[in-house]
Amino acid sequence: MSRACALIFVVLVAGNVAFGQVQTLTIPAGSPEDKDLTAITAEQDNQKRIPMYQEYIQKYSGNSTAVAYANWQLAQSYQAAGDLQKALEAGDKANAAAPNSLDILVSQVTIAQQLKNNAAAFKYAIAGGVVYNSIDKEPKPADITAEQFASDQETEKANNKSSHDFFQNSAFSAISVETDPKTRMDEIETFSATFPKSGMDEQLASYAMLSLSQLKDNKRLVAYAEKALESNPDNLAALVMLANSYADANEPAKAVSYAQKAVIAAKADAPDADRSRKIAAGSAHSILGRVYANQGKTLPSITELKSATALLKGQDEQQYAIAGYYLGWDYAKLSKLTEARAVLTEVAALPGPVQTAAKELLTKVNTARAAGK
């Protein structure tokens, strides 16, 4: 870190000043705090700097600026030494002393990511986004014009734009690896409020709908998906989710309508169709097959399910298993036992929600074949 950064850093101070007011905190040149910092930064051995920073923090415990800065540097020393948990703890103390320092929050996100502590990384990233957003909430000083104040705010935001983007991307990354649907949904809502212009609306909608589907919150799922379609009528995640939701709710007309729209939007047979588009189309064909099977329309169901299995095989094991199970059911219903056995044997070998049902149906098919039916 440069000597200039060691002496001056910008924080937004909470509690002691009006919310959002930007302050520049300095360690005056030539002061005892400055001289002691100079001695610490001159030490080349990182391990020796750690106790020096600890002593410095104790010595200047009444100076919040010195405490914040020294703990921040201590965190980086621990990080360099590979002691990431102590680095995070020291960074927390720095953050407590200067809760709105963007530099400290960037450091904390980085350390949390290295620890693979996604919850902490998300928390610090959101805090950083809130700090950045507060620039727009700063009160205008009485001694400058509105034009000058607006210009100063834009400069402040431009100077910190890279930190803002880091926080935004880090928070989204934490969402993308979160496995608990409730936590993921809570994080999506917090992210959307903090970074309303992220440009990640479609990806967020996909994660949100997945979360709501896993939570079986059908009412919110439908509302979220329909809202997503307002901004993008070809949103594949929304179309497939709505088709599946209406199929489960025994509303076949709506399920068929959304599934057919998904098939058209996915263009799975196009040369540039990627894996996600093929899975979306395959899932939509599978939903159509399920609906037709439940309506007793066996031949149309087989047509859709054959398309589904062709698209899903090797792409999405679970969706393939669902489509394969229904295809096996249809074949069995038409007494095409050889075809039923072939597909059900594959599905029965795949762990998942339809494995047990597939095994049971396969047993019945084998029994029927043995009896010569």
# chains A, B, ... in the order shown; residues from 1 in each chain; ligands from 1

call {"tool": "select_by_dssp", "arguments": {"residues": "region 249-280 of chain A", "states": "alpha helix (DSSP H)", "output": "list in words"}}
result
Pro252, Ala253, Lys254, Ala255, Val256, Ser257, Tyr258, Ala259, Gln260, Lys261, Ala262, Val263, Ile264, Ala265, Ala266, Arg275, Ser276, Arg277, Lys278, Ile279 and Ala280 of chain A

call {"tool": "residues_around", "arguments": {"residues": "Ala94 (chain A)", "least_positions_apart": "4", "cutoff": "6 Å", "atoms": "only C-alpha atoms", "output": "PyMOL selection string"}}
result
chain A and resi 68+71-72

call {"tool": "write_last_selection", "arguments": {"atoms": "N, CA, C and O atoms", "output": "PDB file, in the first residue's frame"}}
result
ATOM      1  N   ALA A  68      -8.886   1.757  13.424  1.00  0.00           N
ATOM      2  CA  ALA A  68      -9.451   1.198  12.193  1.00  0.00           C
ATOM      3  C   ALA A  68      -8.348   0.860  11.203  1.00  0.00           C
ATOM      4  O   ALA A  68      -8.308  -0.244  10.646  1.00  0.00           O
ATOM      5  N   ASN A  71      -5.990  -2.091  12.475  1.00  0.00           N
ATOM      6  CA  ASN A  71      -6.650  -3.387  12.388  1.00  0.00           C
ATOM      7  C   ASN A  71      -6.795  -3.844  10.949  1.00  0.00           C
ATOM      8  O   ASN A  71      -6.683  -5.036  10.637  1.00  0.00           O
ATOM      9  N   TRP A  72      -7.036  -2.911  10.056  1.00  0.00           N
ATOM     10  CA  TRP A  72      -7.126  -3.241   8.634  1.00  0.00           C
ATOM     11  C   TRP A  72      -5.794  -3.792   8.135  1.00  0.00           C
ATOM     12  O   TRP A  72      -5.754  -4.811   7.454  1.00  0.00           O
TER      13      TRP A  72
END

call {"tool": "atom_distance", "arguments": {"atom1": "CA of Asp234 (chain A)", "atom2": "CA of Ser257 (chain A)"}}
result
13.1 Å

call {"tool": "residues_around", "arguments": {"residues": "region 151-157 of chain A", "least_positions_apart": "3", "cutoff": "8 Å", "atoms": "only C-alpha atoms", "output": "VMD selection string"}}
result
chain A and resid 132 135 to 136 147 to 148 160 to 161

call {"tool": "write_last_selection", "arguments": {"atoms": "all heavy atoms", "output": "CSV table (one decimal), in the first residue's frame"}}
result
chain,number,residue,atom,x,y,z
A,132,TYR,N,-21.8,2.6,-0.8
A,132,TYR,CA,-21.7,3.3,-2.1
A,132,TYR,C,-23.0,4.1,-2.4
A,132,TYR,O,-23.0,5.2,-2.8
A,132,TYR,CB,-21.4,2.3,-3.2
A,132,TYR,CG,-21.3,2.9,-4.6
A,132,TYR,CD1,-20.0,3.4,-5.0
A,132,TYR,CD2,-22.4,3.0,-5.4
A,132,TYR,CE1,-19.9,4.0,-6.2
A,132,TYR,CE2,-22.2,3.6,-6.7
A,132,TYR,CZ,-21.0,4.1,-7.1
A,132,TYR,OH,-20.9,4.7,-8.3
A,135,ILE,N,-23.8,7.6,-1.0
A,135,ILE,CA,-23.2,8.8,-1.6
A,135,ILE,C,-24.3,9.7,-2.2
A,135,ILE,O,-24.3,11.0,-2.0
A,135,ILE,CB,-22.2,8.5,-2.7
A,135,ILE,CG1,-21.0,7.7,-2.2
A,135,ILE,CG2,-21.7,9.7,-3.5
A,135,ILE,CD1,-20.0,7.2,-3.2
A,136,ASP,N,-25.3,9.1,-2.7
A,136,ASP,CA,-26.5,9.9,-3.3
A,136,ASP,C,-27.3,10.5,-2.2
A,136,ASP,O,-28.2,11.4,-2.5
A,136,ASP,CB,-27.3,9.0,-4.1
A,136,ASP,CG,-26.7,8.7,-5.5
A,136,ASP,OD1,-26.0,9.6,-6.0
A,136,ASP,OD2,-27.0,7.7,-6.1
A,147,GLU,N,-25.1,22.6,-8.4
A,147,GLU,CA,-24.4,22.0,-9.5
A,147,GLU,C,-23.1,21.5,-9.1
A,147,GLU,O,-22.7,20.4,-9.5
A,147,GLU,CB,-24.2,23.1,-10.6
A,147,GLU,CG,-25.5,23.5,-11.3
A,147,GLU,CD,-26.3,24.5,-10.5
A,147,GLU,OE1,-25.8,25.0,-9.4
A,147,GLU,OE2,-27.4,24.8,-10.9
A,148,GLN,N,-22.4,22.2,-8.2
A,148,GLN,CA,-21.1,21.8,-7.7
A,148,GLN,C,-21.2,20.5,-6.9
A,148,GLN,O,-20.4,19.6,-7.0
A,148,GLN,CB,-20.4,22.8,-6.9
A,148,GLN,CG,-19.0,22.5,-6.4
A,148,GLN,CD,-18.0,22.1,-7.5
A,148,GLN,OE1,-17.9,22.9,-8.5
A,148,GLN,NE2,-17.4,21.0,-7.5
A,160,ASN,N,-15.2,5.5,-6.9
A,160,ASN,CA,-15.4,4.2,-6.1
A,160,ASN,C,-16.2,3.2,-6.9
A,160,ASN,O,-16.7,2.2,-6.4
A,160,ASN,CB,-16.2,4.5,-4.8
A,160,ASN,CG,-15.4,5.3,-3.8
A,160,ASN,OD1,-14.4,4.8,-3.3
A,160,ASN,ND2,-15.7,6.6,-3.6
A,161,LYS,N,-16.3,3.4,-8.2
A,161,LYS,CA,-17.1,2.5,-9.1
A,161,LYS,C,-16.5,1.1,-9.1
A,161,LYS,O,-17.3,0.1,-9.1
A,161,LYS,CB,-17.2,3.1,-10.5
A,161,LYS,CG,-18.0,2.3,-11.5
A,161,LYS,CD,-19.5,2.3,-11.1
A,161,LYS,CE,-20.4,1.8,-12.3
A,161,LYS,NZ,-20.0,0.5,-12.8

call {"tool": "residues_around", "arguments": {"residues": "Glu346 (chain A)", "least_positions_apart": "2", "cutoff": "12 Å", "atoms": "only C-alpha atoms", "output": "MDAnalysis selection string"}}
result
chainID A and resid 309 313 317:318 320:325 327:328 339:344 348:351 354:355 358:359 362

call {"tool": "closest_residue", "arguments": {"among": "A:Ala293, A:Ala280, A:Ala80, A:Ala75", "to": "Ser107 (chain A)", "atoms": "only C-alpha atoms"}}
result
A:Ala75

call {"tool": "atom_distance", "arguments": {"atom1": "CA of Gln85 (chain A)", "atom2": "CA of Val131 (chain A)"}}
result
24.4 Å

call {"tool": "residues_around", "arguments": {"residues": "Phe122 (chain A)", "least_positions_apart": "2", "cutoff": "9 Å", "atoms": "only C-alpha atoms", "output": "PyMOL selection string"}}
result
chain A and resi 109+112+117-120+124-127+167+170-175+187

call {"tool": "write_last_selection", "arguments": {"atoms": "all heavy atoms", "output": "CSV table (one decimal), in the first residue's frame"}}
result
chain,number,residue,atom,x,y,z
A,109,VAL,N,-14.5,-8.8,2.2
A,109,VAL,CA,-15.0,-9.7,1.1
A,109,VAL,C,-14.0,-10.7,0.6
A,109,VAL,O,-14.2,-11.9,0.5
A,109,VAL,CB,-15.6,-8.9,0.0
A,109,VAL,CG1,-16.1,-9.8,-1.2
A,109,VAL,CG2,-16.8,-8.0,0.4
A,112,ALA,N,-13.2,-13.3,3.2
A,112,ALA,CA,-14.3,-14.2,3.4
A,112,ALA,C,-14.3,-15.2,2.2
A,112,ALA,O,-14.6,-16.4,2.4
A,112,ALA,CB,-15.6,-13.5,3.5
A,117,ASN,N,-16.3,-18.6,3.0
A,117,ASN,CA,-17.4,-18.3,3.9
A,117,ASN,C,-18.4,-17.4,3.1
A,117,ASN,O,-18.3,-16.1,3.1
A,117,ASN,CB,-16.9,-17.5,5.1
A,117,ASN,CG,-18.0,-17.3,6.2
A,117,ASN,OD1,-19.2,-17.2,5.8
A,117,ASN,ND2,-17.6,-17.1,7.4
A,118,ASN,N,-19.3,-18.0,2.3
A,118,ASN,CA,-20.1,-17.2,1.4
A,118,ASN,C,-21.1,-16.3,2.1
A,118,ASN,O,-21.4,-15.2,1.6
A,118,ASN,CB,-20.9,-18.2,0.5
A,118,ASN,CG,-20.0,-18.9,-0.4
A,118,ASN,OD1,-19.1,-18.4,-1.1
A,118,ASN,ND2,-20.1,-20.3,-0.5
A,119,ALA,N,-21.5,-16.7,3.3
A,119,ALA,CA,-22.5,-15.8,4.0
A,119,ALA,C,-21.8,-14.6,4.4
A,119,ALA,O,-22.3,-13.5,4.3
A,119,ALA,CB,-23.0,-16.6,5.3
A,120,ALA,N,-20.5,-14.7,4.9
A,120,ALA,CA,-19.8,-13.5,5.3
A,120,ALA,C,-19.5,-12.6,4.1
A,120,ALA,O,-19.6,-11.4,4.1
A,120,ALA,CB,-18.5,-13.9,6.0
A,124,TYR,N,-20.6,-8.6,3.7
A,124,TYR,CA,-19.7,-7.5,3.5
A,124,TYR,C,-19.9,-6.8,2.2
A,124,TYR,O,-19.8,-5.6,2.1
A,124,TYR,CB,-18.2,-8.0,3.7
A,124,TYR,CG,-17.9,-8.5,5.0
A,124,TYR,CD1,-17.3,-9.8,5.2
A,124,TYR,CD2,-18.0,-7.7,6.2
A,124,TYR,CE1,-16.9,-10.2,6.4
A,124,TYR,CE2,-17.7,-8.2,7.4
A,124,TYR,CZ,-17.1,-9.5,7.5
A,124,TYR,OH,-16.8,-9.9,8.8
A,125,ALA,N,-20.3,-7.6,1.2
A,125,ALA,CA,-20.5,-7.1,-0.2
A,125,ALA,C,-21.7,-6.2,-0.1
A,125,ALA,O,-21.7,-5.1,-0.7
A,125,ALA,CB,-20.7,-8.2,-1.2
A,126,ILE,N,-22.8,-6.6,0.5
A,126,ILE,CA,-24.0,-5.8,0.7
A,126,ILE,C,-23.7,-4.6,1.4
A,126,ILE,O,-24.2,-3.5,1.1
A,126,ILE,CB,-25.1,-6.6,1.3
A,126,ILE,CG1,-25.6,-7.7,0.4
A,126,ILE,CG2,-26.3,-5.7,1.7
A,126,ILE,CD1,-26.2,-7.3,-0.9
A,127,ALA,N,-22.9,-4.7,2.5
A,127,ALA,CA,-22.6,-3.5,3.3
A,127,ALA,C,-21.8,-2.5,2.4
A,127,ALA,O,-22.0,-1.3,2.5
A,127,ALA,CB,-21.7,-3.9,4.5
A,167,PHE,N,-18.2,-5.4,-5.2
A,167,PHE,CA,-19.2,-5.8,-4.2
A,167,PHE,C,-20.4,-6.4,-4.9
A,167,PHE,O,-20.9,-7.5,-4.5
A,167,PHE,CB,-19.7,-4.6,-3.5
A,167,PHE,CG,-18.7,-3.9,-2.5
A,167,PHE,CD1,-18.6,-2.5,-2.5
A,167,PHE,CD2,-18.0,-4.7,-1.7
A,167,PHE,CE1,-17.6,-2.0,-1.7
A,167,PHE,CE2,-17.0,-4.1,-0.9
A,167,PHE,CZ,-16.8,-2.8,-0.9
A,170,SER,N,-19.4,-9.9,-6.2
A,170,SER,CA,-19.1,-10.8,-5.1
A,170,SER,C,-20.4,-11.3,-4.5
A,170,SER,O,-20.6,-12.4,-4.2
A,170,SER,CB,-18.3,-10.1,-4.1
A,170,SER,OG,-17.0,-9.8,-4.6
A,171,ALA,N,-21.4,-10.3,-4.3
A,171,ALA,CA,-22.7,-10.7,-3.8
A,171,ALA,C,-23.4,-11.7,-4.7
A,171,ALA,O,-24.0,-12.7,-4.2
A,171,ALA,CB,-23.5,-9.5,-3.5
A,172,PHE,N,-23.4,-11.4,-6.0
A,172,PHE,CA,-24.0,-12.3,-6.9
A,172,PHE,C,-23.4,-13.7,-6.9
A,172,PHE,O,-24.1,-14.7,-7.0
A,172,PHE,CB,-24.0,-11.8,-8.3
A,172,PHE,CG,-24.7,-12.6,-9.4
A,172,PHE,CD1,-26.1,-12.6,-9.5
A,172,PHE,CD2,-24.0,-13.5,-10.2
A,172,PHE,CE1,-26.7,-13.4,-10.4
A,172,PHE,CE2,-24.6,-14.3,-11.1
A,172,PHE,CZ,-26.0,-14.3,-11.2
A,173,SER,N,-22.1,-13.7,-6.8
A,173,SER,CA,-21.4,-15.0,-6.8
A,173,SER,C,-21.8,-15.8,-5.5
A,173,SER,O,-21.9,-17.0,-5.6
A,173,SER,CB,-19.8,-14.7,-6.7
A,173,SER,OG,-19.1,-15.9,-6.6
A,174,ALA,N,-22.0,-15.1,-4.4
A,174,ALA,CA,-22.4,-15.8,-3.2
A,174,ALA,C,-23.8,-16.4,-3.4
A,174,ALA,O,-24.1,-17.5,-2.9
A,174,ALA,CB,-22.4,-14.9,-2.0
A,175,ILE,N,-24.7,-15.7,-4.1
A,175,ILE,CA,-26.0,-16.2,-4.4
A,175,ILE,C,-25.9,-17.4,-5.2
A,175,ILE,O,-26.7,-18.4,-5.0
A,175,ILE,CB,-26.9,-15.1,-5.1
A,175,ILE,CG1,-27.2,-14.0,-4.1
A,175,ILE,CG2,-28.2,-15.7,-5.6
A,175,ILE,CD1,-27.8,-12.8,-4.8
A,187,GLU,N,-31.3,-13.6,0.1
A,187,GLU,CA,-30.2,-12.9,-0.5
A,187,GLU,C,-30.5,-12.2,-1.8
A,187,GLU,O,-30.1,-11.1,-2.1
A,187,GLU,CB,-29.0,-13.9,-0.7
A,187,GLU,CG,-28.4,-14.3,0.6
A,187,GLU,CD,-27.2,-15.3,0.4
A,187,GLU,OE1,-27.0,-15.8,-0.7
A,187,GLU,OE2,-26.4,-15.5,1.3

call {"tool": "atom_distance", "arguments": {"atom1": "CA of Glu226 (chain A)", "atom2": "CA of Ser198 (chain A)"}}
result
20.2 Å

call {"tool": "residues_around", "arguments": {"residues": "Lys93 (chain A)", "least_positions_apart": "6", "cutoff": "12 Å", "atoms": "only C-alpha atoms", "output": "PyMOL selection string"}}
result
chain A and resi 54+57+61+64-75+86-87+99+104-105+108

call {"tool": "closest_residue", "arguments": {"among": "A:Gln76, A:Asn244, A:Ser101, A:Gln260", "to": "Leu88 (chain A)", "atoms": "only C-alpha atoms"}}
result
A:Gln76

call {"tool": "closest_residue", "arguments": {"among": "A:Ala81, A:Gln168, A:Glu202, A:Lys336", "to": "Ala121 (chain A)", "atoms": "only C-alpha atoms"}}
result
A:Gln168
